[in-house]
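S.K.: There's a structure below that I have some questions on.
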Amino acid sequence: DTEVTQTPKHLVMGMTNKKSLKCEQHMGHRAMYWYKQKAKKPPELMFVYSYEKLSINESVPSRFSPECPNSSLLNLHLHALQPEDSALYLCASSPQRELITEAFFGQGTRLTVV
Amino acid sequence: GEDVEQSLFLSVREGDSSVINCTYTDSSSTYLYWYKQEPGAGLQLLTYIFSNMDMKQDQRLTVLLNKKDKHLSLRIADTQTGDSAIYFCAERTGFQKLVFGTGTRLLVSP
C-alpha cells in the first residue's frame, strides 16, 4: 500500500459549521503534513507532525486545528471558516522525520466555504 | 528568502522535448524536486536531485542543476499528450518543509 488516502474528496461547509478532514497512510511513515493550495497557486505548508507530535505550525489561524491520533492518521478540524479558506487541502507523508527523498501526497480534499 | 520562480506556461507539440525552468533563492537547499499535478488531483513526485549533483536522468526525464545560478530545469524527452499538466519545482528548506515554485502549465498538442 503506497497511498495516502484523503476523505472526503469534496466538502461544502457554511461559515458556522464544524467539519473534519481525514488523512490516512499505511506505509509506516513517521511524518505527516497538511498543505493548502488555493486556485492557480502552489501548495503552501500548514502543519507538520513527526512521530505524532506537532513539529511545525506555519502561523495557521486557530480555526484550523490539526490532530494526529496515531501514526497512520492525521485529521484537520475546521471551525468558523471564511470563504477565503476555500482551497484544495493536501495531506502528505514521508518515511522519516527528516524529509529526505520524497513526500507522498494524497489526492486532496476540495473545500468550499459558503 | 524562499521564493521559487517558474515560467507560467509552455506549449509544445507531441514528440518534441519540453524544458521547464525554475529559479530558487535559498542557497542552503539540499534537495530539489519536480512534482506533476493533473487537473483536480494531488501531487505526483517525478524526480528529485541532491544539491551535490548537477544532473540526474530517469527515463524520459533529465534534471539539470546549476547551484551557482540557483537554476533547476526539467527536460521531458518525446513529450506526450499525457504529459499535459502543471509542473512544480520545490526546494526543501529546513528538515521538513517543501517550498513550491509558482508552477508551469505544460500543454502538449497532437
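If you're wondering about the labels, chains in the C-alpha cells are A, B, ... by order shown, residues count from 1 in each chain, ligands from 1 in order shown.
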Pull the closest atom pair for each residue of chain B that gets at most 8 Å from chain A, along with the distance in Å to one decimal, counting only C-alpha atoms, ordering rows by chain and then ascending residue number, as JSON lines.

M.R.:
{"residue": "B:Tyr31", "atom": "CA", "partner": "A:Ile100", "partner_atom": "CA", "distance": 7.4}
{"residue": "B:Ala41", "atom": "CA", "partner": "A:Gln107", "partner_atom": "CA", "distance": 5.2}
{"residue": "B:Gly42", "atom": "CA", "partner": "A:Gln107", "partner_atom": "CA", "distance": 4.0}
{"residue": "B:Leu43", "atom": "CA", "partner": "A:Phe105", "partner_atom": "CA", "distance": 5.7}
{"residue": "B:Gln44", "atom": "CA", "partner": "A:Phe105", "partner_atom": "CA", "distance": 6.9}
{"residue": "B:Leu45", "atom": "CA", "partner": "A:Glu102", "partner_atom": "CA", "distance": 7.2}
{"residue": "B:Tyr48", "atom": "CA", "partner": "A:Thr101", "partner_atom": "CA", "distance": 7.3}
{"residue": "B:Phe88", "atom": "CA", "partner": "A:Pro42", "partner_atom": "CA", "distance": 7.6}
{"residue": "B:Arg92", "atom": "CA", "partner": "A:Leu99", "partner_atom": "CA", "distance": 7.8}
{"residue": "B:Phe95", "atom": "CA", "partner": "A:Glu98", "partner_atom": "CA", "distance": 5.0}
{"residue": "B:Gln96", "atom": "CA", "partner": "A:Leu99", "partner_atom": "CA", "distance": 5.0}
{"residue": "B:Lys97", "atom": "CA", "partner": "A:Leu45", "partner_atom": "CA", "distance": 7.1}
{"residue": "B:Leu98", "atom": "CA", "partner": "A:Leu45", "partner_atom": "CA", "distance": 7.3}
{"residue": "B:Val99", "atom": "CA", "partner": "A:Glu44", "partner_atom": "CA", "distance": 7.1}
{"residue": "B:Phe100", "atom": "CA", "partner": "A:Pro42", "partner_atom": "CA", "distance": 5.9}
{"residue": "B:Gly101", "atom": "CA", "partner": "A:Pro42", "partner_atom": "CA", "distance": 6.4}
{"residue": "B:Thr102", "atom": "CA", "partner": "A:Pro42", "partner_atom": "CA", "distance": 5.5}
{"residue": "B:Gly103", "atom": "CA", "partner": "A:Pro42", "partner_atom": "CA", "distance": 6.5}

S.K.: For region 64-69 of chain A, find every residue with an atom within 7 Å (counting only C-alpha atoms), except residues of its own chain fewer than 4 positions away, and show them as a ChimeraX atom specification.

M.R.: /A:52,60,73-79

S.K.: Report, in Å to a single decimal, how far apart CA of Tyr87 (chain B) and CA of Tyr35 (chain B) are.

M.R.: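 Distance between the two atoms: 5.7 Å.
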
S.K.: Which of chain B end up as strand (DSSP E or B) when DSSP is run on this backbone - answer as number ranges by chain?

M.R.: B: 4-6, 9-13, 18-24, 31-37, 43-50, 55-58, 61-66, 71-76, 85-93, 97-100, 104-109

S.K.: Can you tell me, as a ChimeraX atom specification, what residues are no more than 8 Å from Val113 (chain A) when counting only C-alpha atoms, ignoring any on the same chain fewer than 2 positions away?

M.R.: /A:12-15,81-86,111

S.K.: Keeping only all heavy atoms, write the selected residues to a file as a short mmCIF file (atom, residue, chain, number, x, y, z; two decimals), in the first residue's frame.

M.R.:
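The new file part_16.cif reads:
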data_model
loop_
_atom_site.label_atom_id
_atom_site.label_comp_id
_atom_site.auth_asym_id
_atom_site.auth_seq_id
_atom_site.Cartn_x
_atom_site.Cartn_y
_atom_site.Cartn_z
N VAL A 12 -18.45 20.92 1.15
CA VAL A 12 -19.01 22.27 1.15
C VAL A 12 -19.50 22.51 2.57
O VAL A 12 -20.23 21.69 3.13
CB VAL A 12 -20.18 22.40 0.15
CG1 VAL A 12 -20.76 23.82 0.21
CG2 VAL A 12 -19.71 22.07 -1.27
N MET A 13 -19.07 23.60 3.15
CA MET A 13 -19.49 23.89 4.52
C MET A 13 -19.82 25.37 4.70
O MET A 13 -19.26 26.23 4.00
CB MET A 13 -18.43 23.45 5.53
CG MET A 13 -17.12 24.16 5.44
SD MET A 13 -15.88 23.49 6.58
CE MET A 13 -16.47 24.10 8.16
N GLY A 14 -20.72 25.63 5.63
CA GLY A 14 -21.07 27.00 5.96
C GLY A 14 -20.08 27.56 6.96
O GLY A 14 -19.30 26.84 7.59
N MET A 15 -20.11 28.87 7.12
CA MET A 15 -19.13 29.54 7.98
C MET A 15 -19.33 29.21 9.46
O MET A 15 -18.42 29.40 10.26
CB MET A 15 -19.18 31.05 7.74
CG MET A 15 -18.62 31.45 6.39
SD MET A 15 -18.46 33.22 6.19
CE MET A 15 -20.16 33.67 5.88
N LEU A 81 -14.87 28.75 9.51
CA LEU A 81 -14.03 29.14 8.38
C LEU A 81 -14.64 30.31 7.61
O LEU A 81 -15.83 30.62 7.74
CB LEU A 81 -13.83 27.95 7.44
CG LEU A 81 -13.04 26.77 7.99
CD1 LEU A 81 -12.61 25.84 6.86
CD2 LEU A 81 -11.82 27.21 8.78
N GLN A 82 -13.80 30.93 6.80
CA GLN A 82 -14.20 32.04 5.96
C GLN A 82 -14.20 31.60 4.49
O GLN A 82 -13.51 30.64 4.13
CB GLN A 82 -13.21 33.20 6.14
CG GLN A 82 -13.07 33.67 7.58
CD GLN A 82 -14.37 34.24 8.09
OE1 GLN A 82 -15.01 35.07 7.44
NE2 GLN A 82 -14.80 33.77 9.26
N PRO A 83 -14.93 32.29 3.64
CA PRO A 83 -14.92 31.91 2.21
C PRO A 83 -13.51 31.87 1.61
O PRO A 83 -13.25 31.04 0.74
CB PRO A 83 -15.78 32.99 1.56
CG PRO A 83 -16.74 33.39 2.64
CD PRO A 83 -15.94 33.33 3.93
N GLU A 84 -12.62 32.71 2.11
CA GLU A 84 -11.25 32.73 1.54
C GLU A 84 -10.44 31.49 1.94
O GLU A 84 -9.32 31.29 1.46
CB GLU A 84 -10.49 34.00 1.95
CG GLU A 84 -10.36 34.20 3.44
CD GLU A 84 -11.43 35.13 3.99
OE1 GLU A 84 -12.55 35.18 3.41
OE2 GLU A 84 -11.15 35.79 5.01
N ASP A 85 -11.01 30.66 2.83
CA ASP A 85 -10.35 29.39 3.18
C ASP A 85 -10.67 28.30 2.16
O ASP A 85 -10.12 27.18 2.27
CB ASP A 85 -10.79 28.93 4.58
CG ASP A 85 -10.35 29.89 5.66
OD1 ASP A 85 -9.22 30.42 5.58
OD2 ASP A 85 -11.15 30.12 6.61
N SER A 86 -11.53 28.59 1.22
CA SER A 86 -11.82 27.63 0.16
C SER A 86 -10.54 27.33 -0.61
O SER A 86 -9.85 28.25 -1.06
CB SER A 86 -12.87 28.20 -0.80
OG SER A 86 -14.08 28.45 -0.12
N LEU A 111 -12.26 21.95 -0.65
CA LEU A 111 -13.15 22.57 0.34
C LEU A 111 -13.72 23.86 -0.21
O LEU A 111 -12.98 24.71 -0.71
CB LEU A 111 -12.38 22.86 1.63
CG LEU A 111 -13.14 23.64 2.69
CD1 LEU A 111 -14.26 22.78 3.27
CD2 LEU A 111 -12.20 24.09 3.81
#

S.K.: Might you pull out every residue within 7 Å of His71 (chain B), with only C-alpha atoms counted and same-chain residues fewer than 2 positions away left off, and present them as a short mmCIF file (atom, residue, chain, number, x, y, z; two decimals) with all heavy atoms, in the first residue's frame?

M.R.:
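Output saved as out34.cif:
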data_model
loop_
_atom_site.label_atom_id
_atom_site.label_comp_id
_atom_site.auth_asym_id
_atom_site.auth_seq_id
_atom_site.Cartn_x
_atom_site.Cartn_y
_atom_site.Cartn_z
N CYS B 22 13.27 26.63 -13.49
CA CYS B 22 12.93 27.01 -12.12
C CYS B 22 14.13 27.75 -11.53
O CYS B 22 15.28 27.33 -11.71
CB CYS B 22 12.62 25.74 -11.33
SG CYS B 22 12.46 25.92 -9.56
N THR B 23 13.85 28.83 -10.83
CA THR B 23 14.91 29.58 -10.14
C THR B 23 14.56 29.66 -8.67
O THR B 23 13.43 30.03 -8.33
CB THR B 23 15.03 31.00 -10.72
OG1 THR B 23 15.26 30.93 -12.11
CG2 THR B 23 16.16 31.77 -10.05
N TYR B 24 15.49 29.28 -7.82
CA TYR B 24 15.23 29.32 -6.39
C TYR B 24 16.21 30.27 -5.74
O TYR B 24 17.20 30.67 -6.35
CB TYR B 24 15.31 27.90 -5.79
CG TYR B 24 16.66 27.24 -5.93
CD1 TYR B 24 17.57 27.23 -4.89
CD2 TYR B 24 17.02 26.60 -7.13
CE1 TYR B 24 18.80 26.62 -5.01
CE2 TYR B 24 18.26 26.00 -7.27
CZ TYR B 24 19.14 26.01 -6.21
OH TYR B 24 20.37 25.41 -6.34
N LEU B 65 20.94 20.89 -12.64
CA LEU B 65 21.02 21.81 -11.51
C LEU B 65 22.28 22.66 -11.66
O LEU B 65 23.39 22.13 -11.77
CB LEU B 65 21.06 21.04 -10.19
CG LEU B 65 21.28 21.87 -8.93
CD1 LEU B 65 20.17 22.89 -8.75
CD2 LEU B 65 21.40 20.97 -7.71
N ASN B 66 22.09 23.97 -11.63
CA ASN B 66 23.20 24.92 -11.62
C ASN B 66 23.16 25.64 -10.29
O ASN B 66 22.38 26.58 -10.10
CB ASN B 66 23.05 25.90 -12.80
CG ASN B 66 24.19 26.91 -12.87
OD1 ASN B 66 24.77 27.29 -11.85
ND2 ASN B 66 24.52 27.34 -14.06
N LYS B 67 23.96 25.17 -9.33
CA LYS B 67 23.91 25.73 -7.98
C LYS B 67 24.38 27.16 -7.94
O LYS B 67 23.90 27.97 -7.15
CB LYS B 67 24.75 24.88 -7.02
CG LYS B 67 24.03 23.69 -6.46
CD LYS B 67 24.70 23.18 -5.22
CE LYS B 67 24.37 24.03 -4.01
NZ LYS B 67 24.93 23.48 -2.76
N ASP B 69 24.00 29.51 -10.14
CA ASP B 69 22.93 30.42 -10.57
C ASP B 69 21.60 30.10 -9.90
O ASP B 69 20.59 30.74 -10.19
CB ASP B 69 22.74 30.34 -12.09
CG ASP B 69 23.98 30.84 -12.84
OD1 ASP B 69 24.75 31.63 -12.25
OD2 ASP B 69 24.17 30.44 -14.01
N SER B 73 16.33 22.80 -13.98
CA SER B 73 15.47 22.58 -15.14
C SER B 73 15.05 21.12 -15.23
O SER B 73 15.74 20.23 -14.72
CB SER B 73 16.17 23.02 -16.43
OG SER B 73 17.25 22.16 -16.73
#

S.K.: Compile the contact shell of region 55-59 of chain B as a compact mmCIF listing (two decimals) with N, CA and C atoms, in the first residue's frame: residues with an atom at most 10 Å away, counting only C-alpha atoms, same-chain residues fewer than 3 positions apart removed.

M.R.:
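Saved the output as result.txt:
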# COMPACT_ATOMS: atom_id res chain seq x y z
N LEU B 46 7.91 13.38 -9.52
CA LEU B 46 8.52 12.87 -10.75
C LEU B 46 9.97 12.45 -10.50
N THR B 47 10.71 13.33 -9.86
CA THR B 47 12.11 13.06 -9.62
C THR B 47 12.64 14.09 -8.63
N TYR B 48 13.81 13.84 -8.08
CA TYR B 48 14.44 14.80 -7.20
C TYR B 48 15.94 14.73 -7.44
N ILE B 49 16.63 15.77 -7.00
CA ILE B 49 18.09 15.81 -7.16
C ILE B 49 18.70 16.36 -5.89
N PHE B 50 19.78 15.78 -5.49
CA PHE B 50 20.51 16.23 -4.32
C PHE B 50 21.45 17.34 -4.75
N SER B 51 21.69 18.28 -3.88
CA SER B 51 22.40 19.50 -4.28
C SER B 51 23.86 19.28 -4.66
N ASN B 52 24.42 18.11 -4.35
CA ASN B 52 25.82 17.89 -4.76
C ASN B 52 25.91 17.27 -6.15
N THR B 62 15.18 14.45 -17.56
CA THR B 62 16.54 14.86 -17.22
C THR B 62 16.46 16.12 -16.39
N VAL B 63 17.09 16.08 -15.23
CA VAL B 63 17.13 17.25 -14.36
C VAL B 63 18.54 17.83 -14.40
N LEU B 64 18.62 19.13 -14.60
CA LEU B 64 19.91 19.83 -14.55
C LEU B 64 19.87 20.84 -13.41
N LEU B 65 20.94 20.89 -12.64
CA LEU B 65 21.02 21.81 -11.51
C LEU B 65 22.28 22.66 -11.66
N ASN B 66 22.09 23.97 -11.63
CA ASN B 66 23.20 24.92 -11.62
C ASN B 66 23.16 25.64 -10.29
N LEU B 72 17.31 25.40 -11.80
CA LEU B 72 16.95 23.99 -11.94
C LEU B 72 16.10 23.85 -13.20
N SER B 73 16.33 22.80 -13.98
CA SER B 73 15.47 22.58 -15.14
C SER B 73 15.05 21.12 -15.23
N LEU B 74 13.92 20.91 -15.87
CA LEU B 74 13.39 19.57 -16.13
C LEU B 74 13.16 19.44 -17.62
N ARG B 75 13.84 18.48 -18.22
CA ARG B 75 13.65 18.22 -19.64
C ARG B 75 12.85 16.92 -19.78
N ILE B 76 11.77 16.99 -20.54
CA ILE B 76 10.97 15.80 -20.83
C ILE B 76 11.19 15.48 -22.30
N ALA B 77 11.78 14.32 -22.57
CA ALA B 77 12.01 13.91 -23.95
C ALA B 77 10.75 13.27 -24.52

S.K.: For a quick check of understanding, using only C-alpha atoms, which of A:Asn70, A:Ala87, A:Ala39, A:Gln6 has the smallest distance to Ser20 (chain A)?

M.R.: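 Once distances to Ser20 (chain A) are computed over only C-alpha atoms, the minimum belongs to A:Gln6.
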
S.K.: For Thr5 (chain A), list every protein, DNA or RNA residue within 7 Å, evaluated using only C-alpha atoms, and leave out those in the same chain fewer than 6 positions away; present the list as a PyMOL selection string.

M.R.: chain A and resi 23-25+106

S.K.: Could you tell me how far CA of Pro61 (chain A) lies from CA of Thr112 (chain A), in Å and to one decimal?

M.R.: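 Taking CA of Pro61 (chain A) and CA of Thr112 (chain A), their separation equals 17.3 Å.
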
S.K.: Could you work out how far CA of Pro95 (chain A) lies from CA of Lys36 (chain B), giving the answer in Å with one decimal?

M.R.: 20.4 Å

S.K.: Between A:Arg30, A:Lys22, A:Ala80, A:Ser93, which one has atoms that come closest to Val114 (chain A), using only C-alpha atoms?

M.R.: A:Ala80
